[in-house]
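Pasting start_7.csv here (CSV, C-alpha atoms and all ligand atoms):
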chain,number,residue,atom,x,y,z
A,1,MET,CA,-13.5,22.2,-6.9
A,2,SER,CA,-15.7,20.1,-9.2
A,3,VAL,CA,-19.3,19.3,-8.5
A,4,LEU,CA,-20.0,18.6,-4.8
A,5,ARG,CA,-23.8,18.3,-4.9
A,6,PRO,CA,-26.5,17.0,-4.9
A,7,LEU,CA,-26.0,15.3,-1.5
A,8,ASN,CA,-28.7,13.3,0.3
A,9,ASP,CA,-27.1,13.2,3.8
A,10,PRO,CA,-26.9,16.2,6.2
A,11,ALA,CA,-23.5,14.9,7.4
A,12,LEU,CA,-22.1,15.1,3.9
A,13,GLU,CA,-23.6,18.6,3.5
A,14,ARG,CA,-21.5,19.6,6.5
A,15,ILE,CA,-18.4,18.1,4.9
A,16,ALA,CA,-19.1,19.8,1.6
A,17,ALA,CA,-19.3,23.2,3.4
A,18,LYS,CA,-16.0,22.5,5.0
A,19,LEU,CA,-14.4,21.6,1.7
A,20,GLU,CA,-15.7,24.8,0.1
A,21,ALA,CA,-14.3,26.8,3.0
A,22,GLY,CA,-10.9,25.1,2.7
A,23,GLU,CA,-11.3,23.7,6.3
A,24,ARG,CA,-9.7,20.5,7.4
A,25,LEU,CA,-12.0,17.5,8.0
A,26,ASP,CA,-12.0,15.9,11.4
A,27,ARG,CA,-12.5,12.5,13.0
A,28,ASP,CA,-16.3,12.8,13.0
A,29,ASP,CA,-16.3,13.6,9.3
A,30,GLY,CA,-14.3,10.4,8.6
A,31,LEU,CA,-16.9,8.4,10.6
A,32,ALA,CA,-19.7,10.1,8.8
A,33,VAL,CA,-18.2,9.1,5.4
A,34,LEU,CA,-17.8,5.5,6.5
A,35,ALA,CA,-21.4,5.3,7.7
A,36,SER,CA,-23.2,7.5,5.1
A,37,PRO,CA,-26.2,6.0,3.3
A,38,ASP,CA,-25.5,8.4,0.4
A,39,LEU,CA,-22.9,6.3,-1.4
A,40,ILE,CA,-22.9,8.4,-4.5
A,41,GLY,CA,-22.6,11.6,-2.4
A,42,VAL,CA,-19.5,10.1,-0.7
A,43,GLY,CA,-18.0,9.4,-4.1
A,44,ARG,CA,-18.9,12.9,-5.3
A,45,LEU,CA,-17.0,14.5,-2.4
A,46,ALA,CA,-13.9,12.3,-2.6
A,47,ASN,CA,-13.9,12.6,-6.4
A,48,ALA,CA,-13.9,16.4,-6.2
A,49,VAL,CA,-10.9,16.3,-3.9
A,50,LYS,CA,-9.1,13.8,-6.1
A,51,GLU,CA,-9.7,15.9,-9.2
A,52,ALA,CA,-8.5,19.0,-7.5
A,53,ARG,CA,-5.2,17.2,-6.7
A,54,SER,CA,-4.5,15.1,-9.8
A,55,GLY,CA,-7.0,16.2,-12.4
A,56,PRO,CA,-8.2,13.5,-14.8
A,57,TYR,CA,-5.2,11.3,-14.3
A,58,ALA,CA,-4.9,7.8,-12.9
A,59,PHE,CA,-1.5,6.3,-12.3
A,60,PHE,CA,-0.2,2.8,-12.8
A,61,VAL,CA,3.3,1.1,-12.7
A,62,LEU,CA,4.8,-1.9,-14.5
A,63,ASN,CA,6.0,-3.7,-11.4
A,64,ARG,CA,6.7,-7.1,-10.0
A,65,GLN,CA,6.2,-8.3,-6.5
A,66,ILE,CA,8.8,-10.6,-5.1
A,67,ASN,CA,8.5,-12.3,-1.7
A,68,PRO,CA,11.9,-14.1,-1.3
A,69,THR,CA,10.7,-16.3,1.6
A,70,ASN,CA,7.6,-17.0,3.6
A,71,VAL,CA,9.6,-18.4,6.6
A,72,CYS,CA,8.9,-16.0,9.5
A,73,VAL,CA,9.8,-16.1,13.1
A,74,ILE,CA,6.5,-14.5,14.2
A,75,SER,CA,2.9,-15.6,13.7
A,76,CYS,CA,0.2,-13.0,13.2
A,77,LYS,CA,-3.3,-14.3,13.5
A,78,PHE,CA,-4.5,-12.6,10.2
A,79,CYS,CA,-1.6,-14.0,8.1
A,80,ASP,CA,-1.9,-17.1,5.9
A,81,PHE,CA,1.4,-16.4,4.1
A,82,ALA,CA,3.9,-17.1,6.8
A,83,ALA,CA,5.3,-20.5,7.5
A,84,LYS,CA,7.9,-22.0,9.9
A,85,ALA,CA,11.1,-23.5,8.6
A,86,GLY,CA,10.5,-27.2,7.8
A,87,ASP,CA,6.8,-26.7,7.1
A,88,ASP,CA,5.5,-28.3,3.9
A,89,ASP,CA,4.7,-24.9,2.4
A,90,ALA,CA,7.8,-23.1,3.6
A,91,TYR,CA,10.0,-21.8,0.7
A,92,GLU,CA,13.2,-19.8,0.2
A,93,MET,CA,14.2,-18.4,-3.1
A,94,THR,CA,17.7,-18.5,-4.3
A,95,MET,CA,19.4,-15.3,-5.5
A,96,ASP,CA,19.1,-16.7,-9.1
A,97,GLU,CA,15.4,-17.3,-8.7
A,98,ILE,CA,14.9,-13.7,-7.4
A,99,LEU,CA,17.0,-12.2,-10.2
A,100,GLU,CA,15.1,-14.2,-12.9
A,101,LYS,CA,12.0,-12.3,-11.9
A,102,VAL,CA,13.4,-8.8,-12.3
A,103,ARG,CA,14.8,-9.3,-15.8
A,104,GLU,CA,11.7,-7.8,-17.3
A,105,PRO,CA,10.7,-4.4,-18.7
A,106,ILE,CA,9.4,-3.2,-15.3
A,107,HIS,CA,9.9,0.1,-13.4
A,108,GLU,CA,9.4,-1.1,-9.8
A,109,VAL,CA,10.4,-4.2,-7.8
A,110,HIS,CA,8.2,-4.6,-4.7
A,111,LEU,CA,10.3,-6.7,-2.4
A,112,VAL,CA,9.0,-7.9,1.0
A,113,GLY,CA,9.1,-11.2,2.9
A,114,GLY,CA,8.9,-13.1,6.1
A,115,LEU,CA,11.3,-12.5,9.0
A,116,HIS,CA,13.7,-15.3,8.2
A,117,PRO,CA,15.4,-16.9,11.3
A,118,THR,CA,18.9,-17.3,9.8
A,119,TRP,CA,19.4,-15.1,6.8
A,120,PRO,CA,22.0,-12.4,7.7
A,121,PHE,CA,21.4,-8.7,7.1
A,122,GLU,CA,24.2,-8.7,4.5
A,123,TYR,CA,22.1,-11.1,2.4
A,124,TYR,CA,19.4,-8.5,2.0
A,125,GLU,CA,21.9,-5.9,1.1
A,126,GLU,CA,23.3,-8.2,-1.5
A,127,MET,CA,19.8,-8.8,-2.8
A,128,LEU,CA,19.3,-5.1,-3.5
A,129,ARG,CA,22.7,-4.8,-5.2
A,130,ALA,CA,22.1,-7.8,-7.4
A,131,ILE,CA,18.6,-6.6,-8.4
A,132,ARG,CA,20.0,-3.2,-9.2
A,133,ARG,CA,22.7,-4.8,-11.4
A,134,ALA,CA,20.2,-7.1,-13.1
A,135,ASN,CA,17.7,-4.4,-14.0
A,136,PRO,CA,19.1,-0.8,-13.5
A,137,ALA,CA,15.8,0.7,-14.9
A,138,ALA,CA,13.7,-0.8,-12.1
A,139,GLN,CA,13.4,1.2,-8.9
A,140,ILE,CA,13.4,-0.9,-5.7
A,141,LYS,CA,10.5,-0.5,-3.2
A,142,ALA,CA,11.6,-2.8,-0.4
A,143,PHE,CA,11.2,-3.9,3.2
A,144,THR,CA,8.4,-2.9,5.6
A,145,ALA,CA,9.1,-1.1,8.9
A,146,VAL,CA,8.7,-4.5,10.5
A,147,GLU,CA,11.6,-5.9,8.4
A,148,ILE,CA,13.7,-2.8,9.1
A,149,GLU,CA,13.4,-3.3,12.9
A,150,PHE,CA,14.1,-7.0,12.5
A,151,PHE,CA,17.3,-6.2,10.5
A,152,SER,CA,18.4,-3.8,13.2
A,153,LYS,CA,18.0,-6.6,15.8
A,154,ILE,CA,19.8,-9.4,13.8
A,155,ALA,CA,22.6,-7.1,12.7
A,156,LYS,CA,22.8,-5.4,16.1
A,157,ILE,CA,22.9,-2.0,14.5
A,158,SER,CA,20.6,1.0,14.8
A,159,VAL,CA,17.6,1.6,12.5
A,160,ASP,CA,19.4,4.6,11.1
A,161,GLU,CA,22.3,2.4,10.1
A,162,VAL,CA,20.0,-0.2,8.6
A,163,LEU,CA,18.4,2.5,6.5
A,164,ASP,CA,21.7,4.0,5.4
A,165,ARG,CA,23.1,0.7,4.3
A,166,LEU,CA,19.9,-0.3,2.4
A,167,VAL,CA,20.0,3.0,0.5
A,168,ALA,CA,23.6,2.5,-0.3
A,169,ALA,CA,22.7,-1.0,-1.6
A,170,GLY,CA,20.0,0.4,-3.9
A,171,LEU,CA,16.8,0.9,-1.9
A,172,ASP,CA,14.6,3.7,-3.4
A,173,THR,CA,11.4,3.7,-1.4
A,174,MET,CA,9.7,1.7,1.3
A,175,PRO,CA,6.3,0.0,1.0
A,176,GLY,CA,3.5,0.7,3.5
A,177,GLY,CA,3.0,-2.8,4.9
A,178,GLY,CA,3.1,-3.9,8.5
A,179,ALA,CA,1.0,-1.0,9.7
A,180,GLU,CA,-2.1,-3.2,10.1
A,181,VAL,CA,-4.4,-1.1,12.4
A,182,PHE,CA,-3.0,1.5,14.8
A,183,SER,CA,-4.9,0.2,17.8
A,184,ASP,CA,-3.7,-1.5,21.0
A,185,ARG,CA,-6.8,-3.6,21.1
A,186,ILE,CA,-6.2,-5.0,17.6
A,187,HIS,CA,-2.4,-5.3,18.2
A,188,ASP,CA,-3.0,-7.5,21.3
A,189,ALA,CA,-5.7,-9.6,19.5
A,190,LEU,CA,-4.0,-10.2,16.2
A,191,TYR,CA,-0.3,-9.4,16.0
A,192,ARG,CA,1.1,-9.2,19.5
A,193,GLU,CA,4.6,-10.4,18.5
A,194,LYS,CA,5.0,-7.6,15.9
A,195,MET,CA,5.6,-3.9,16.4
A,196,GLY,CA,2.7,-1.6,17.2
A,197,ALA,CA,1.7,1.9,16.0
A,198,GLU,CA,4.4,3.8,17.8
A,199,LYS,CA,7.3,1.9,16.5
A,200,TRP,CA,5.9,1.7,12.9
A,201,LEU,CA,5.4,5.5,12.9
A,202,GLU,CA,8.9,6.0,14.4
A,203,ILE,CA,10.6,4.0,11.6
A,204,HIS,CA,8.7,5.8,8.9
A,205,ARG,CA,9.7,9.1,10.5
A,206,ALA,CA,13.3,8.0,10.5
A,207,ALA,CA,13.1,7.0,6.8
A,208,HIS,CA,11.5,10.4,5.9
A,209,ALA,CA,14.3,12.2,7.8
A,210,LYS,CA,16.7,10.6,5.4
A,211,GLY,CA,14.7,11.5,2.4
A,212,ILE,CA,13.4,8.0,1.8
A,213,ARG,CA,9.8,8.3,0.6
A,214,THR,CA,7.4,5.7,2.0
A,215,ASN,CA,3.9,4.4,1.6
A,216,ALA,CA,1.3,3.6,4.3
A,217,THR,CA,-1.4,1.0,4.6
A,218,LEU,CA,-4.4,0.0,6.7
A,219,LEU,CA,-5.6,-3.6,6.9
A,220,TYR,CA,-9.4,-3.3,7.1
A,221,GLY,CA,-12.4,-5.6,6.9
A,222,HIS,CA,-11.7,-7.9,9.9
A,223,ILE,CA,-12.4,-7.1,13.6
A,224,GLU,CA,-11.6,-3.4,13.6
A,225,THR,CA,-14.2,-0.7,14.2
A,226,HIS,CA,-14.9,2.4,12.1
A,227,GLU,CA,-13.4,4.4,14.9
A,228,GLU,CA,-10.2,2.4,14.8
A,229,ARG,CA,-9.9,2.9,11.0
A,230,VAL,CA,-10.4,6.7,11.4
A,231,ASP,CA,-7.9,6.9,14.3
A,232,HIS,CA,-5.4,5.1,12.1
A,233,LEU,CA,-5.9,7.7,9.3
A,234,MET,CA,-5.5,10.6,11.8
A,235,LEU,CA,-2.2,9.3,13.1
A,236,LEU,CA,-0.9,9.0,9.5
A,237,ARG,CA,-2.0,12.5,8.8
A,238,ASP,CA,-0.3,13.8,11.9
A,239,LEU,CA,3.0,12.2,10.9
A,240,GLN,CA,2.7,13.5,7.3
A,241,ASP,CA,2.1,17.0,8.7
A,242,ASP,CA,5.5,16.7,10.3
A,243,THR,CA,7.5,15.0,7.6
A,244,GLY,CA,5.8,15.1,4.2
A,245,GLY,CA,7.5,11.9,3.4
A,246,PHE,CA,4.5,9.6,2.5
A,247,ILE,CA,3.7,9.3,-1.2
A,248,SER,CA,0.8,6.9,-1.2
A,249,PHE,CA,-1.9,5.4,1.1
A,250,ILE,CA,-3.2,2.0,0.4
A,251,PRO,CA,-6.3,0.5,2.2
A,252,LEU,CA,-5.7,-3.3,2.1
A,253,GLU,CA,-8.9,-5.3,2.2
A,254,PHE,CA,-8.5,-8.3,4.5
A,255,GLN,CA,-8.7,-11.7,2.7
A,256,LEU,CA,-10.4,-14.2,5.0
A,257,GLY,CA,-8.2,-17.1,4.1
A,258,TYR,CA,-8.2,-19.9,6.7
A,259,THR,CA,-7.9,-17.6,9.7
A,260,ASN,CA,-11.6,-17.8,10.8
A,261,LEU,CA,-11.3,-14.2,12.0
A,262,VAL,CA,-14.5,-13.0,10.4
A,263,ALA,CA,-17.4,-14.6,8.6
A,264,ARG,CA,-17.3,-12.7,5.3
A,265,GLN,CA,-15.1,-10.5,3.1
A,266,ALA,CA,-15.6,-6.7,3.3
A,267,SER,CA,-18.2,-5.6,0.7
A,268,ALA,CA,-17.5,-3.5,-2.4
A,269,VAL,CA,-19.4,-0.6,-0.8
A,270,ASP,CA,-17.3,-0.8,2.3
A,271,GLY,CA,-14.1,-0.7,0.2
A,272,LEU,CA,-15.3,2.3,-1.8
A,273,ARG,CA,-16.3,4.2,1.4
A,274,THR,CA,-12.8,3.4,2.9
A,275,ILE,CA,-11.1,4.8,-0.2
A,276,ALA,CA,-13.2,7.9,-0.1
A,277,ALA,CA,-12.7,8.5,3.7
A,278,SER,CA,-8.9,8.1,3.1
A,279,ARG,CA,-8.9,10.6,0.3
A,280,LEU,CA,-11.0,13.1,2.3
A,281,LEU,CA,-9.1,12.8,5.6
A,282,LEU,CA,-5.6,12.4,4.2
A,283,ASP,CA,-5.5,15.8,2.7
A,284,ASN,CA,-1.7,15.8,2.9
A,285,PHE,CA,-1.1,12.5,1.1
A,286,PRO,CA,-0.4,12.9,-2.7
A,287,HIS,CA,-1.9,9.6,-3.7
A,288,ILE,CA,-4.5,7.0,-2.7
A,289,LYS,CA,-4.1,3.6,-4.2
A,290,ALA,CA,-6.9,1.2,-5.1
A,291,TYR,CA,-5.0,-2.1,-4.9
A,292,TRP,CA,-6.8,-4.2,-7.5
A,293,VAL,CA,-5.2,-7.5,-6.2
A,294,MET,CA,-7.4,-7.4,-3.1
A,295,MET,CA,-10.2,-5.1,-4.2
A,296,THR,CA,-10.6,-7.0,-7.4
A,297,PRO,CA,-10.1,-5.1,-10.7
A,298,LYS,CA,-13.8,-4.3,-11.0
A,299,VAL,CA,-14.1,-2.5,-7.7
A,300,ALA,CA,-10.7,-0.9,-8.1
A,301,GLN,CA,-11.9,0.5,-11.4
A,302,ILE,CA,-14.9,2.1,-9.7
A,303,ALA,CA,-12.7,3.3,-6.9
A,304,GLN,CA,-11.1,5.7,-9.4
A,305,ARG,CA,-14.4,7.7,-9.0
A,306,PHE,CA,-14.3,7.5,-5.2
A,307,GLY,CA,-11.0,9.2,-4.6
A,308,ALA,CA,-8.3,6.8,-5.8
A,309,ASP,CA,-5.8,8.0,-8.4
A,310,ASP,CA,-3.6,4.9,-8.6
A,311,LEU,CA,-4.2,1.2,-9.4
A,312,ASP,CA,-0.7,0.0,-8.5
A,313,GLY,CA,0.5,-2.2,-11.2
A,314,THR,CA,1.0,-5.3,-13.2
A,315,VAL,CA,2.3,-7.1,-9.9
A,316,VAL,CA,2.7,-10.4,-11.8
A,317,GLU,CA,3.1,-12.7,-8.9
A,318,GLU,CA,1.5,-12.1,-5.5
A,319,LYS,CA,1.7,-14.5,-2.6
A,320,ILE,CA,0.4,-12.7,0.6
A,321,TYR,CA,-3.2,-12.5,-0.6
A,322,HIS,CA,-3.2,-15.5,-2.8
A,323,ASP,CA,-2.1,-17.7,0.1
A,324,ALA,CA,-5.1,-16.3,1.9
A,325,GLY,CA,-7.4,-17.5,-0.9
A,326,ALA,CA,-7.6,-14.4,-3.1
A,327,THR,CA,-9.2,-15.3,-6.4
A,328,THR,CA,-8.0,-12.3,-8.4
A,329,SER,CA,-5.5,-13.0,-11.1
A,330,GLN,CA,-1.8,-13.0,-10.4
A,331,GLY,CA,-1.0,-10.1,-12.7
A,332,LEU,CA,-2.6,-7.7,-15.1
A,333,ARG,CA,-1.1,-6.8,-18.5
A,334,ARG,CA,-0.3,-3.2,-19.3
A,335,GLU,CA,-3.2,-3.1,-21.8
A,336,GLU,CA,-5.7,-4.3,-19.2
A,337,LEU,CA,-4.6,-1.6,-16.8
A,338,LEU,CA,-5.0,1.0,-19.6
A,339,ARG,CA,-8.5,-0.3,-20.3
A,340,LEU,CA,-9.5,-0.3,-16.6
A,341,ILE,CA,-8.4,3.3,-16.4
A,342,ARG,CA,-9.8,4.6,-19.7
A,343,GLU,CA,-13.2,3.0,-19.2
A,344,ALA,CA,-13.5,4.9,-15.9
A,345,GLY,CA,-13.0,8.1,-17.8
A,346,ARG,CA,-9.5,8.7,-16.6
A,347,ASP,CA,-6.2,9.4,-18.4
A,348,PRO,CA,-3.6,6.8,-17.7
A,349,VAL,CA,-0.2,7.9,-16.6
A,350,GLU,CA,2.5,5.2,-16.4
A,351,ARG,CA,4.7,6.0,-13.4
A,352,ASP,CA,7.8,4.9,-11.6
A,353,THR,CA,7.9,4.2,-7.8
A,354,LEU,CA,8.1,8.0,-7.1
A,355,TYR,CA,5.2,8.8,-9.3
A,356,ARG,CA,7.3,10.3,-12.0
A,357,PRO,CA,5.7,9.8,-15.4
A,358,ILE,CA,7.4,7.3,-17.7
A,359,GLN,CA,8.0,8.7,-21.1
A,360,ARG,CA,7.0,6.4,-23.9
A,361,GLU,CA,6.8,7.0,-27.6
A,362,GLU,CA,3.3,5.8,-27.9
A,363,ALA,CA,2.2,7.8,-24.8
A,364,THR,CA,-1.2,9.5,-25.2
A,365,PHE,CA,-1.3,11.4,-22.0
A,366,THR,CA,-0.1,14.9,-21.1
A,367,VAL,CA,2.8,14.6,-18.8
A,368,LEU,CA,2.2,16.1,-15.3
A,369,ALA,CA,4.7,18.7,-14.1
B,1,LIG,O1,1.4,-5.8,6.1
B,1,LIG,C1,-1.3,-10.0,5.3
B,1,LIG,C2,-1.3,-7.5,4.7
B,1,LIG,C3,0.5,-6.4,3.9
B,1,LIG,C4,-3.3,-10.5,4.6
B,1,LIG,O2,3.3,0.0,-0.3
B,1,LIG,C5,-3.1,-9.2,4.4
B,1,LIG,O3,2.8,0.0,-2.4
B,1,LIG,C6,-5.1,-8.9,3.5
B,1,LIG,O4,1.8,-3.8,2.5
B,1,LIG,N1,-5.5,-10.2,3.7
B,1,LIG,C7,1.7,-6.5,2.9
B,1,LIG,N2,-4.0,-8.4,3.8
B,1,LIG,C8,1.2,-5.9,1.6
B,1,LIG,C9,1.5,-4.4,1.5
B,1,LIG,C10,1.3,-3.7,0.2
B,1,LIG,C11,0.6,-4.2,-0.8
B,1,LIG,C12,0.5,-3.4,-2.0
B,1,LIG,C13,1.2,-2.3,-2.2
B,1,LIG,C14,2.0,-1.8,-1.1
B,1,LIG,C15,2.7,-0.5,-1.3
B,1,LIG,C16,2.0,-2.5,0.1
B,1,LIG,O5,-0.4,-7.4,3.6
B,1,LIG,C17,0.8,-6.8,5.4
B,1,LIG,C18,-0.5,-7.1,5.9
B,1,LIG,O6,-1.1,-5.9,6.3
B,1,LIG,N3,-1.8,-8.9,4.8
B,1,LIG,N4,-2.2,-11.0,5.2
B,1,LIG,C19,-4.6,-11.0,4.3
B,1,LIG,N5,-4.9,-12.3,4.6
Please lay out the structure from this file as structure tokens.
Amino acid sequence: MSVLRPLNDPALERIAAKLEAGERLDRDDGLAVLASPDLIGVGRLANAVKEARSGPYAFFVLNRQINPTNVCVISCKFCDFAAKAGDDDAYEMTMDEILEKVREPIHEVHLVGGLHPTWPFEYYEEMLRAIRRANPAAQIKAFTAVEIEFFSKIAKISVDEVLDRLVAAGLDTMPGGGAEVFSDRIHDALYREKMGAEKWLEIHRAAHAKGIRTNATLLYGHIETHEERVDHLMLLRDLQDDTGGFISFIPLEFQLGYTNLVARQASAVDGLRTIAASRLLLDNFPHIKAYWVMMTPKVAQIAQRFGADDLDGTVVEEKIYHDAGATTSQGLRREELLRLIREAGRDPVERDTLYRPIQREEATFTVLA
């Protein structure tokens, strides 16, 4: 393991000793990382773990986010994206509008949307088939656990059948959204109408059992406590111990928007500590993603030295955070991502949705096995 010291916090010394002994970190260690005054020490520990896993590499993907509708039958208190049918800001994309967005040199389509009151399940299957036909080179990362459960209700079929039919239609992986914070308190306060921890974990377990790789997220920087953040990570680690089906973990920084939930946005330091705690506690997750859209490209760039090994991608058009007032740009060009990575002293690896390296003639990186 690369350099772990100097450290200026006894709690971090305890963690370093565990890492050296190959011992697993626990809940108290996670809390210590989130509260440590030694920010550089926190980065040093998480960076050592990151480098032991993925060496000097940082991953990115040419992708495109598509949110086919914001019309949603439920209302979550943290969400500025959803609208009710007939609202001024409600929208529904046509199939042509969706397909127009995928005809680009991309390797991943990230497809998620509101829980639409009248679209039938068959429409989502057709969406996947049509995207696959329009761009066979792009893998499809689609539908959160919340959407999967909703499809099972509207089509009156089991979650297993929903997953089988989506895979048959072209689904490659599932994104990590809808997890929010695995806490009954937060569930009751912010998203009572939506599934809680148990169901979310159950659906990801079902996906993993079918060989569908998935991501996981945590929505942080609102009313949750450090204990709730760490408990969330521990539940994900437990499921990953059982299934090994998660690929990437993404802490999502809450955008205040117009929700009046909290007075201010999480700080850069809080974001970096959360990335580091995730890398250190989630010892069985292959990748930790610094999602630049919400962290800002500048903080995401530094996060590469705090445990993150992925910056997500070009994204192009993002609605969920931008409807909540995010001021980051809508997309980054490939060259900008390369610069953000190289300036942080990392070697860029362009990947597909499964983190397989994309071979390019002008590639300058060593391809990972
Ligand atoms: O589940 C909603 C969150 C998520 C806000 O898997 C908000 O690769 C912040 O899951 N401020 C959807 N967050 C996005 C998501 C995601 C993003 C990037 C990559 C991946 C991946 C997944 O966005 C929702 C919810 O937790 N969200 N509103 C807000 N105002």
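Using only C-alpha atoms and all ligand atoms, the nearest neighbour of ligand LIG 1 (chain B) within the list A:Arg273, A:Arg237, A:His226, A:His322 is A:His322.
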How close does each residue of chain A get to ligand LIG 1 (chain B), giving the shortest atom pair and distance in Å to one decimal for every residue with an atom at most 7 Å away, counting only C-alpha atoms and all ligand atoms, sorted by chain and residue number, as a tab-separated table?
residue	atom	partner	partner_atom	distance
A:Phe78	CA	B:LIG1	N5	5.6
A:Cys79	CA	B:LIG1	N4	4.2
A:Asp80	CA	B:LIG1	N5	5.8
A:Phe81	CA	B:LIG1	N4	6.6
A:Met174	CA	B:LIG1	O2	6.8
A:Pro175	CA	B:LIG1	O2	3.3
A:Gly176	CA	B:LIG1	O2	3.9
A:Gly177	CA	B:LIG1	O4	2.9
A:Gly178	CA	B:LIG1	O1	3.5
A:Ala179	CA	B:LIG1	O1	6.0
A:Glu180	CA	B:LIG1	O6	4.8
A:Asn215	CA	B:LIG1	O2	4.8
A:Ala216	CA	B:LIG1	O2	6.2
A:Thr217	CA	B:LIG1	O4	6.1
A:Leu218	CA	B:LIG1	O6	6.8
A:Leu219	CA	B:LIG1	O6	5.1
A:Ile250	CA	B:LIG1	C14	6.6
A:Leu252	CA	B:LIG1	N2	5.6
A:Glu253	CA	B:LIG1	C6	5.4
A:Phe254	CA	B:LIG1	C6	3.6
A:Gln255	CA	B:LIG1	N1	3.7
A:Leu256	CA	B:LIG1	N5	5.8
A:Gly257	CA	B:LIG1	N5	5.8
A:Tyr291	CA	B:LIG1	C12	6.4
A:Asp312	CA	B:LIG1	C13	7.0
A:Ile320	CA	B:LIG1	N4	5.6
A:Tyr321	CA	B:LIG1	C19	5.3
A:Ala324	CA	B:LIG1	N5	4.8
For CA of Arg24 (chain A) and CA of Ile288 (chain A), determine how far apart the two atoms are, in Å to one decimal place.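 Atom-to-atom, CA of Arg24 (chain A) and CA of Ile288 (chain A) are spaced 17.6 Å apart.
Distance annotation: of A:Leu281, A:Ala52, A:Val262, A:Arg356, the residue with the minimal separation from His232 (chain A) is A:Leu281; atom set is only C-alpha atoms.
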re CA of Pro357 (chain A) and CA of Arg342 (chain A): distance 16.9 Å
Separation of CA of Asp28 (chain A) from CA of Met294 (chain A) in Å =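 A separation of 27.3 Å between them.
Minimum atom-to-atom distances from A:Lys141, A:Arg264, A:His187, A:Lys156 to Cys76 (chain A) were compared using all atoms listed in the file, and the lowest value belongs to A:His187.
Using all atoms listed in the file, every residue with an atom at most 12 Å from the point (-28.7, 13.0, 5.1) is listed here: Pro6, Leu7, Asn8, Asp9, Pro10, Ala11, Leu12, Glu13, Arg14, Ile15, Ala32, Val33, Ala35, Ser36, Pro37, Asp38, Leu39, Gly41 and Val42 of chain A.
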Would you mind exporting the chosen residues as a PDB file, keeping the file's coordinate frame, restricted to C-alpha atoms?
ATOM      1  CA  PRO A   6     -26.500  17.000  -4.900  1.00  0.00           C
ATOM      2  CA  LEU A   7     -26.000  15.300  -1.500  1.00  0.00           C
ATOM      3  CA  ASN A   8     -28.700  13.300   0.300  1.00  0.00           C
ATOM      4  CA  ASP A   9     -27.100  13.200   3.800  1.00  0.00           C
ATOM      5  CA  PRO A  10     -26.900  16.200   6.200  1.00  0.00           C
ATOM      6  CA  ALA A  11     -23.500  14.900   7.400  1.00  0.00           C
ATOM      7  CA  LEU A  12     -22.100  15.100   3.900  1.00  0.00           C
ATOM      8  CA  GLU A  13     -23.600  18.600   3.500  1.00  0.00           C
ATOM      9  CA  ARG A  14     -21.500  19.600   6.500  1.00  0.00           C
ATOM     10  CA  ILE A  15     -18.400  18.100   4.900  1.00  0.00           C
ATOM     11  CA  ALA A  32     -19.700  10.100   8.800  1.00  0.00           C
ATOM     12  CA  VAL A  33     -18.200   9.100   5.400  1.00  0.00           C
ATOM     13  CA  ALA A  35     -21.400   5.300   7.700  1.00  0.00           C
ATOM     14  CA  SER A  36     -23.200   7.500   5.100  1.00  0.00           C
ATOM     15  CA  PRO A  37     -26.200   6.000   3.300  1.00  0.00           C
ATOM     16  CA  ASP A  38     -25.500   8.400   0.400  1.00  0.00           C
ATOM     17  CA  LEU A  39     -22.900   6.300  -1.400  1.00  0.00           C
ATOM     18  CA  GLY A  41     -22.600  11.600  -2.400  1.00  0.00           C
ATOM     19  CA  VAL A  42     -19.500  10.100  -0.700  1.00  0.00           C
TER      20      VAL A  42
END
Name all residues at most 10 Å from Val3 (chain A) (count only C-alpha atoms; drop same-chain ones fewer than 4 positions away) and give them as a list in words.
Arg44, Leu45, Asn47 and Ala48 of chain A
Counting all atoms listed in the file, the residue among A:Asp88, A:Glu350, A:Asp29, A:Asp172 that lies closest to Ala207 (chain A) is A:Asp172
Contacts of Ala300 (chain A) at 8 Å or less, counting all atoms listed in the file, minus same-chain residues fewer than 5 places along, as a list in words?
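What passes the distance filter is Ala290, Tyr291, Trp292, Met295 and Leu311 of chain A.
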List as a ChimeraX atom specification the protein and nucleic acid residues near Ile212 (chain A), meaning an atom at most 9 Å away when all atoms listed in the file are counted, but skip any in the same chain fewer than 6 places from it.
/A:163,167,171-174,204,206,245
* **Asn135 (chain A) environment, 8 Å, all atoms listed in the file, sequence neighbours closer than 6 positions dropped, as a VMD selection string** => chain A and resid 102 to 104
### Query
Which residue out of A:Lys289, A:Arg192, A:Arg64, A:Arg346 has the minimum interatomic distance to His110 (chain A) when only C-alpha atoms are used?
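Checking each of A:Lys289, A:Arg192, A:Arg64, A:Arg346 against His110 (chain A), counting only C-alpha atoms, the winner is A:Arg64.
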inquiry  = I need the residue nearest Asp241 (chain A) from this list: A:Ala155, A:Leu282, A:Val349, A:Ile186. Use all atoms listed in the file for the distance.
reply    =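 Ranked by minimum distance to Asp241 (chain A), first place goes to A:Leu282.
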Contacts of Asn284 (chain A) at 12 Å (only C-alpha atoms; same-chain gap of 5+ positions) as a VMD selection string | chain A and resid 24 to 25 49 to 50 53 233 to 234 236 to 249 278 to 279
Take every atom of region 204-208 of chain A listed in the file, pad by 5 Å on each side, and give me the axis-aligned box centre and edge lengths in Å, one decimal, as JSON.
{"center_x": 11.0, "center_y": 8.1, "center_z": 8.2, "size_x": 14.6, "size_y": 14.6, "size_z": 14.6}
Got a sec to check which residues sit within 12 Å of (29.0, -9.0, 9.9), counting only C-alpha atoms, and write them as a ChimeraX atom specification? /A:119-123,125,154-157
